[in-house]
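These notes are about the structure you will find just below.
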Amino acid sequence: MRFTGKAAIVTGAASGIGLAVATRLANEGANVVLADIDANGIATLEQQLLAAGCQGVFCSPCDVSDEDQVQRAVDAAIGRFGRLDIVVNNAGIMVFKPIELQTKDDWLRVLGVDLLGAFFFTKHAFRAMTHGGAIVNVSSVHAVETEPLIAPYAAAKTALVSLTRSAALEGKPKGIRVNAVLPGAIDTDMLWSNPNVKSGQEKIATNDVGKAEDVAAAILYLASDDAAFVQGAMLRVDGGRLDRL
């Protein structure tokens with residue numbers, strides 16, 4: 001198993017892509033900190049993984065937009081496992097409003113989770129990780145092409161790509177790799193609750209919808225030693241949908 005003995009933190013682990021990543025990391029031998037603002041959701045996942053024989057998992061309820069809570073999650077990983085090897089910055093939220101109706105609070109809430117959360121975890125991971133660490137940021141194809149009503153989300157995901165590049169440059173001398181995945185339409189609650197999808201404004205063909213496990217597979221590759229020479233990459237996981245937009 002690729003991750004035996006390694007310690008990972010996965011944000012947004014209660015559902016969707018985060019749940020798929022945490023589950024697969026645990027099944028491949030990693031010790032996993034389940035971080036999410038949804039304490040009940042990660043507690044349920046913890047019990048499921050423990051029941052499946054994955055002993056090195058525990059919950060760390062965390063609002064990623066709060067740096068103190070982020071530091072506590074990193075400290076918890078070090079305290080429990082004595083190391084931190086992998087961080088997957090997956091937590092994300094969206095606001096659906098025309099720009100003229102968006103507020104400062106809308107922007108600050110989205111940027112706090114989707115961008116600053118990744119920055120906070122990167123900052124504290126850089127302080128805690130040793131040579132061989134890996135950080136994977138979950139951006140979006142909306143960093144490249146987007147649609148109406150989600151300006152804060154698209155801006156945050158674009159900035160996350162830039163943060164990935166900067167962190168990759170600064171991480172390389174530390175022996176820490178930083179990369180990003182850009183998922184397309186993935187079969188999660190976030191996709192199907194999207195008002196643009198519900199209204200038919202954004203049309204999605206059945207063969208354009210991927211599974212959370214498809215993204216998890218790409219993330220685990222970037223987090224693994226198989227990607228030892230991959231630094232600052234932006235890996236699209238969209239089934240080729242972006243090429244047709």
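To be explicit about the labels: the chains of the structure tokens are called A, B, and onward in the order shown, and within each one the residues are counted from 1, while ligands get numbers from 1 in the order they are shown.
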Within 10 Å of range 223-225 of chain A using only C-alpha atoms, minus same-chain residues under 5 positions, as a ChimeraX atom specification: /A:2-3,8,25,85-88,132-136,177-179,217-218,230
Show me, as a ChimeraX atom specification, the residues that have an atom within 10 Å of range 30-32 of chain A when counting only C-alpha atoms, minus same-chain residues fewer than 5 positions from it. /A:1-10,21-25,46,54-59,77,80-81,83-87
Selection from above, N, CA and C atoms, as a short mmCIF file (atom, residue, chain, number, x, y, z; two decimals), in the first residue's frame, can you write it?
```
data_model
loop_
_atom_site.label_atom_id
_atom_site.label_comp_id
_atom_site.auth_asym_id
_atom_site.auth_seq_id
_atom_site.Cartn_x
_atom_site.Cartn_y
_atom_site.Cartn_z
N MET A 1 0.84 -1.20 0.00
CA MET A 1 0.00 0.00 0.00
C MET A 1 0.88 1.25 0.00
N ARG A 2 0.50 2.22 -0.83
CA ARG A 2 1.38 3.37 -1.08
C ARG A 2 1.57 4.28 0.12
N PHE A 3 0.63 4.30 1.05
CA PHE A 3 0.66 5.33 2.09
C PHE A 3 0.83 4.76 3.50
N THR A 4 1.27 3.53 3.60
CA THR A 4 1.46 2.92 4.91
C THR A 4 2.43 3.75 5.75
N GLY A 5 1.99 4.09 6.95
CA GLY A 5 2.83 4.85 7.87
C GLY A 5 2.80 6.35 7.68
N LYS A 6 2.16 6.82 6.62
CA LYS A 6 2.10 8.26 6.38
C LYS A 6 0.86 8.86 7.05
N ALA A 7 0.95 10.14 7.36
CA ALA A 7 -0.16 10.85 8.01
C ALA A 7 -0.69 11.93 7.09
N ALA A 8 -2.01 12.01 6.98
CA ALA A 8 -2.65 12.95 6.06
C ALA A 8 -3.77 13.71 6.76
N ILE A 9 -4.00 14.92 6.28
CA ILE A 9 -5.18 15.70 6.66
C ILE A 9 -5.99 15.92 5.40
N VAL A 10 -7.28 15.65 5.47
CA VAL A 10 -8.18 15.90 4.35
C VAL A 10 -9.27 16.86 4.82
N VAL A 21 -11.54 10.84 -0.96
CA VAL A 21 -10.10 10.91 -0.75
C VAL A 21 -9.72 10.31 0.60
N ALA A 22 -10.43 10.70 1.65
CA ALA A 22 -10.12 10.20 2.99
C ALA A 22 -10.28 8.68 3.04
N THR A 23 -11.34 8.18 2.43
CA THR A 23 -11.59 6.74 2.43
C THR A 23 -10.49 5.99 1.72
N ARG A 24 -10.09 6.50 0.57
CA ARG A 24 -9.06 5.78 -0.19
C ARG A 24 -7.70 5.87 0.49
N LEU A 25 -7.37 7.02 1.05
CA LEU A 25 -6.10 7.13 1.78
C LEU A 25 -6.06 6.13 2.93
N GLU A 46 -15.69 8.47 10.37
CA GLU A 46 -14.70 7.84 11.25
C GLU A 46 -15.18 6.46 11.69
N CYS A 54 -9.76 0.34 9.38
CA CYS A 54 -8.80 1.44 9.22
C CYS A 54 -8.63 2.12 10.59
N GLN A 55 -7.61 1.74 11.33
CA GLN A 55 -7.48 2.17 12.72
C GLN A 55 -6.91 3.58 12.88
N GLY A 56 -6.14 4.04 11.92
CA GLY A 56 -5.46 5.33 12.08
C GLY A 56 -6.27 6.49 11.56
N VAL A 57 -7.50 6.65 12.02
CA VAL A 57 -8.32 7.77 11.60
C VAL A 57 -8.91 8.45 12.83
N PHE A 58 -9.04 9.76 12.77
CA PHE A 58 -9.76 10.46 13.81
C PHE A 58 -10.26 11.80 13.29
N CYS A 59 -11.25 12.34 13.99
CA CYS A 59 -11.90 13.57 13.56
C CYS A 59 -11.25 14.80 14.17
N ALA A 77 -2.64 16.28 14.27
CA ALA A 77 -2.00 15.24 13.45
C ALA A 77 -0.60 14.92 13.97
N ARG A 80 -0.86 13.11 17.37
CA ARG A 80 -1.38 11.74 17.29
C ARG A 80 -0.43 10.81 16.54
N PHE A 81 0.13 11.30 15.43
CA PHE A 81 0.91 10.43 14.55
C PHE A 81 2.40 10.74 14.54
N ARG A 83 3.87 13.01 12.87
CA ARG A 83 4.33 13.48 11.57
C ARG A 83 3.15 13.99 10.76
N LEU A 84 3.44 14.70 9.69
CA LEU A 84 2.43 15.11 8.72
C LEU A 84 3.06 15.02 7.34
N ASP A 85 2.48 14.19 6.49
CA ASP A 85 3.05 13.95 5.16
C ASP A 85 2.21 14.51 4.03
N ILE A 86 0.89 14.57 4.23
CA ILE A 86 -0.02 14.92 3.13
C ILE A 86 -1.11 15.85 3.65
N VAL A 87 -1.39 16.90 2.89
CA VAL A 87 -2.56 17.73 3.14
C VAL A 87 -3.34 17.84 1.83
#
```
Residues within 7 Å of Ala13 in chain A, only C-alpha atoms, excluding chain neighbours under 6 positions, as a ChimeraX atom specification: /A:19,22,34-36,42
Selection from above, N, CA and C atoms, as an mmCIF file, in the first residue's frame, can you write it?
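For reference, part.cif as written:
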```cif
data_model
loop_
_atom_site.group_PDB
_atom_site.id
_atom_site.type_symbol
_atom_site.label_atom_id
_atom_site.label_comp_id
_atom_site.auth_asym_id
_atom_site.auth_seq_id
_atom_site.Cartn_x
_atom_site.Cartn_y
_atom_site.Cartn_z
ATOM 1 N N LEU A 19 -14.628 13.005 1.143
ATOM 2 C CA LEU A 19 -14.943 11.684 1.688
ATOM 3 C C LEU A 19 -14.257 10.596 0.872
ATOM 4 N N ALA A 22 -10.433 10.704 1.651
ATOM 5 C CA ALA A 22 -10.119 10.196 2.985
ATOM 6 C C ALA A 22 -10.281 8.682 3.045
ATOM 7 N N LEU A 34 -9.610 13.574 9.693
ATOM 8 C CA LEU A 34 -10.806 13.987 8.971
ATOM 9 C C LEU A 34 -11.183 15.378 9.454
ATOM 10 N N ALA A 35 -11.007 16.378 8.603
ATOM 11 C CA ALA A 35 -11.261 17.767 8.984
ATOM 12 C C ALA A 35 -12.470 18.297 8.219
ATOM 13 N N ASP A 36 -13.439 18.831 8.955
ATOM 14 C CA ASP A 36 -14.633 19.370 8.312
ATOM 15 C C ASP A 36 -15.402 20.161 9.352
ATOM 16 N N ILE A 42 -18.151 13.906 9.776
ATOM 17 C CA ILE A 42 -16.847 13.237 9.900
ATOM 18 C C ILE A 42 -16.866 12.180 10.997
#
```
Just list as a PDB file with C-alpha atoms, in the first residue's frame whatever in range 2-245 of chain A DSSP marks as strand (DSSP E or B).
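Below is the file states17.pdb, written as the result:
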```pdb
ATOM      1  CA  ALA A   7      -0.156  10.846   8.012  1.00  0.00           C
ATOM      2  CA  ALA A   8      -2.653  12.948   6.064  1.00  0.00           C
ATOM      3  CA  ILE A   9      -5.183  15.696   6.658  1.00  0.00           C
ATOM      4  CA  VAL A  10      -8.181  15.903   4.346  1.00  0.00           C
ATOM      5  CA  THR A  11     -10.421  18.967   4.561  1.00  0.00           C
ATOM      6  CA  ASN A  31      -3.332   7.622   9.051  1.00  0.00           C
ATOM      7  CA  VAL A  32      -5.977  10.235   8.270  1.00  0.00           C
ATOM      8  CA  VAL A  33      -7.234  13.312  10.092  1.00  0.00           C
ATOM      9  CA  LEU A  34     -10.806  13.987   8.971  1.00  0.00           C
ATOM     10  CA  ALA A  35     -11.261  17.767   8.984  1.00  0.00           C
ATOM     11  CA  ASP A  36     -14.633  19.370   8.312  1.00  0.00           C
ATOM     12  CA  VAL A  57      -8.324   7.775  11.597  1.00  0.00           C
ATOM     13  CA  PHE A  58      -9.764  10.462  13.809  1.00  0.00           C
ATOM     14  CA  CYS A  59     -11.901  13.574  13.562  1.00  0.00           C
ATOM     15  CA  SER A  60     -10.797  17.164  13.880  1.00  0.00           C
ATOM     16  CA  PRO A  61     -13.842  19.441  13.468  1.00  0.00           C
ATOM     17  CA  ILE A  86      -0.021  14.923   3.131  1.00  0.00           C
ATOM     18  CA  VAL A  87      -2.558  17.734   3.138  1.00  0.00           C
ATOM     19  CA  VAL A  88      -5.515  17.728   0.760  1.00  0.00           C
ATOM     20  CA  ASN A  89      -7.154  21.163   0.657  1.00  0.00           C
ATOM     21  CA  ALA A 134       2.861  16.690  -0.434  1.00  0.00           C
ATOM     22  CA  ILE A 135       0.022  19.201  -0.600  1.00  0.00           C
ATOM     23  CA  VAL A 136      -2.806  18.841  -3.108  1.00  0.00           C
ATOM     24  CA  ASN A 137      -5.233  21.706  -3.651  1.00  0.00           C
ATOM     25  CA  VAL A 138      -8.670  21.082  -5.101  1.00  0.00           C
ATOM     26  CA  ARG A 177       5.527  19.137  -3.428  1.00  0.00           C
ATOM     27  CA  VAL A 178       2.445  21.283  -4.072  1.00  0.00           C
ATOM     28  CA  ASN A 179       0.042  20.508  -6.902  1.00  0.00           C
ATOM     29  CA  ALA A 180      -3.604  21.050  -7.788  1.00  0.00           C
ATOM     30  CA  VAL A 181      -6.463  19.193  -9.412  1.00  0.00           C
ATOM     31  CA  LEU A 182      -9.167  20.971 -11.409  1.00  0.00           C
ATOM     32  CA  PRO A 183     -12.326  18.851 -11.252  1.00  0.00           C
ATOM     33  CA  ILE A 186     -18.558  15.643 -10.406  1.00  0.00           C
ATOM     34  CA  GLY A 210     -17.461  12.093 -13.152  1.00  0.00           C
ATOM     35  CA  MET A 234      -2.592  21.742 -12.522  1.00  0.00           C
ATOM     36  CA  LEU A 235      -4.247  18.425 -13.368  1.00  0.00           C
ATOM     37  CA  ARG A 236      -7.682  18.643 -14.968  1.00  0.00           C
ATOM     38  CA  VAL A 237     -10.051  15.849 -13.976  1.00  0.00           C
TER      39      VAL A 237
END
```
As an exercise, work out the distance from CA of Arg127 in chain A to CA of Gly175 in chain A in Å and give it to one decimal place. 12.2 Å
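Proximity to Ala167 in chain A at 8 Å, evaluated using only C-alpha atoms and with sequence-adjacent residues fewer than 4 positions away removed, yields Thr122, Leu163, Gly171, Val178 and Gly232 of chain A.
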Atoms to include: N, CA, C and O atoms. Write the selected residues as a CSV table (one decimal), in the first residue's frame.
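Saved to selection.csv:
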```
chain,number,residue,atom,x,y,z
A,122,THR,N,-1.5,25.3,4.1
A,122,THR,CA,-0.2,25.3,3.5
A,122,THR,C,0.8,25.9,4.4
A,122,THR,O,1.9,25.4,4.6
A,163,LEU,N,-1.9,30.4,-5.9
A,163,LEU,CA,-1.3,30.0,-4.7
A,163,LEU,C,-0.5,28.6,-4.8
A,163,LEU,O,0.6,28.5,-4.3
A,171,GLY,N,8.0,25.6,-1.8
A,171,GLY,CA,8.0,24.2,-1.2
A,171,GLY,C,9.2,23.4,-1.7
A,171,GLY,O,9.7,22.5,-1.0
A,178,VAL,N,3.8,20.7,-4.1
A,178,VAL,CA,2.4,21.3,-4.1
A,178,VAL,C,1.9,21.3,-5.5
A,178,VAL,O,2.5,21.8,-6.4
A,232,GLY,N,4.0,21.8,-8.9
A,232,GLY,CA,3.3,22.9,-9.4
A,232,GLY,C,2.3,22.6,-10.6
A,232,GLY,O,2.0,23.4,-11.4
```
Residues at most 8 Å from Ala20 in chain A, counting only C-alpha atoms, excluding those fewer than 4 positions away in the same chain, as number ranges by chain? A: 13, 15-16, 24, 212-213, 216
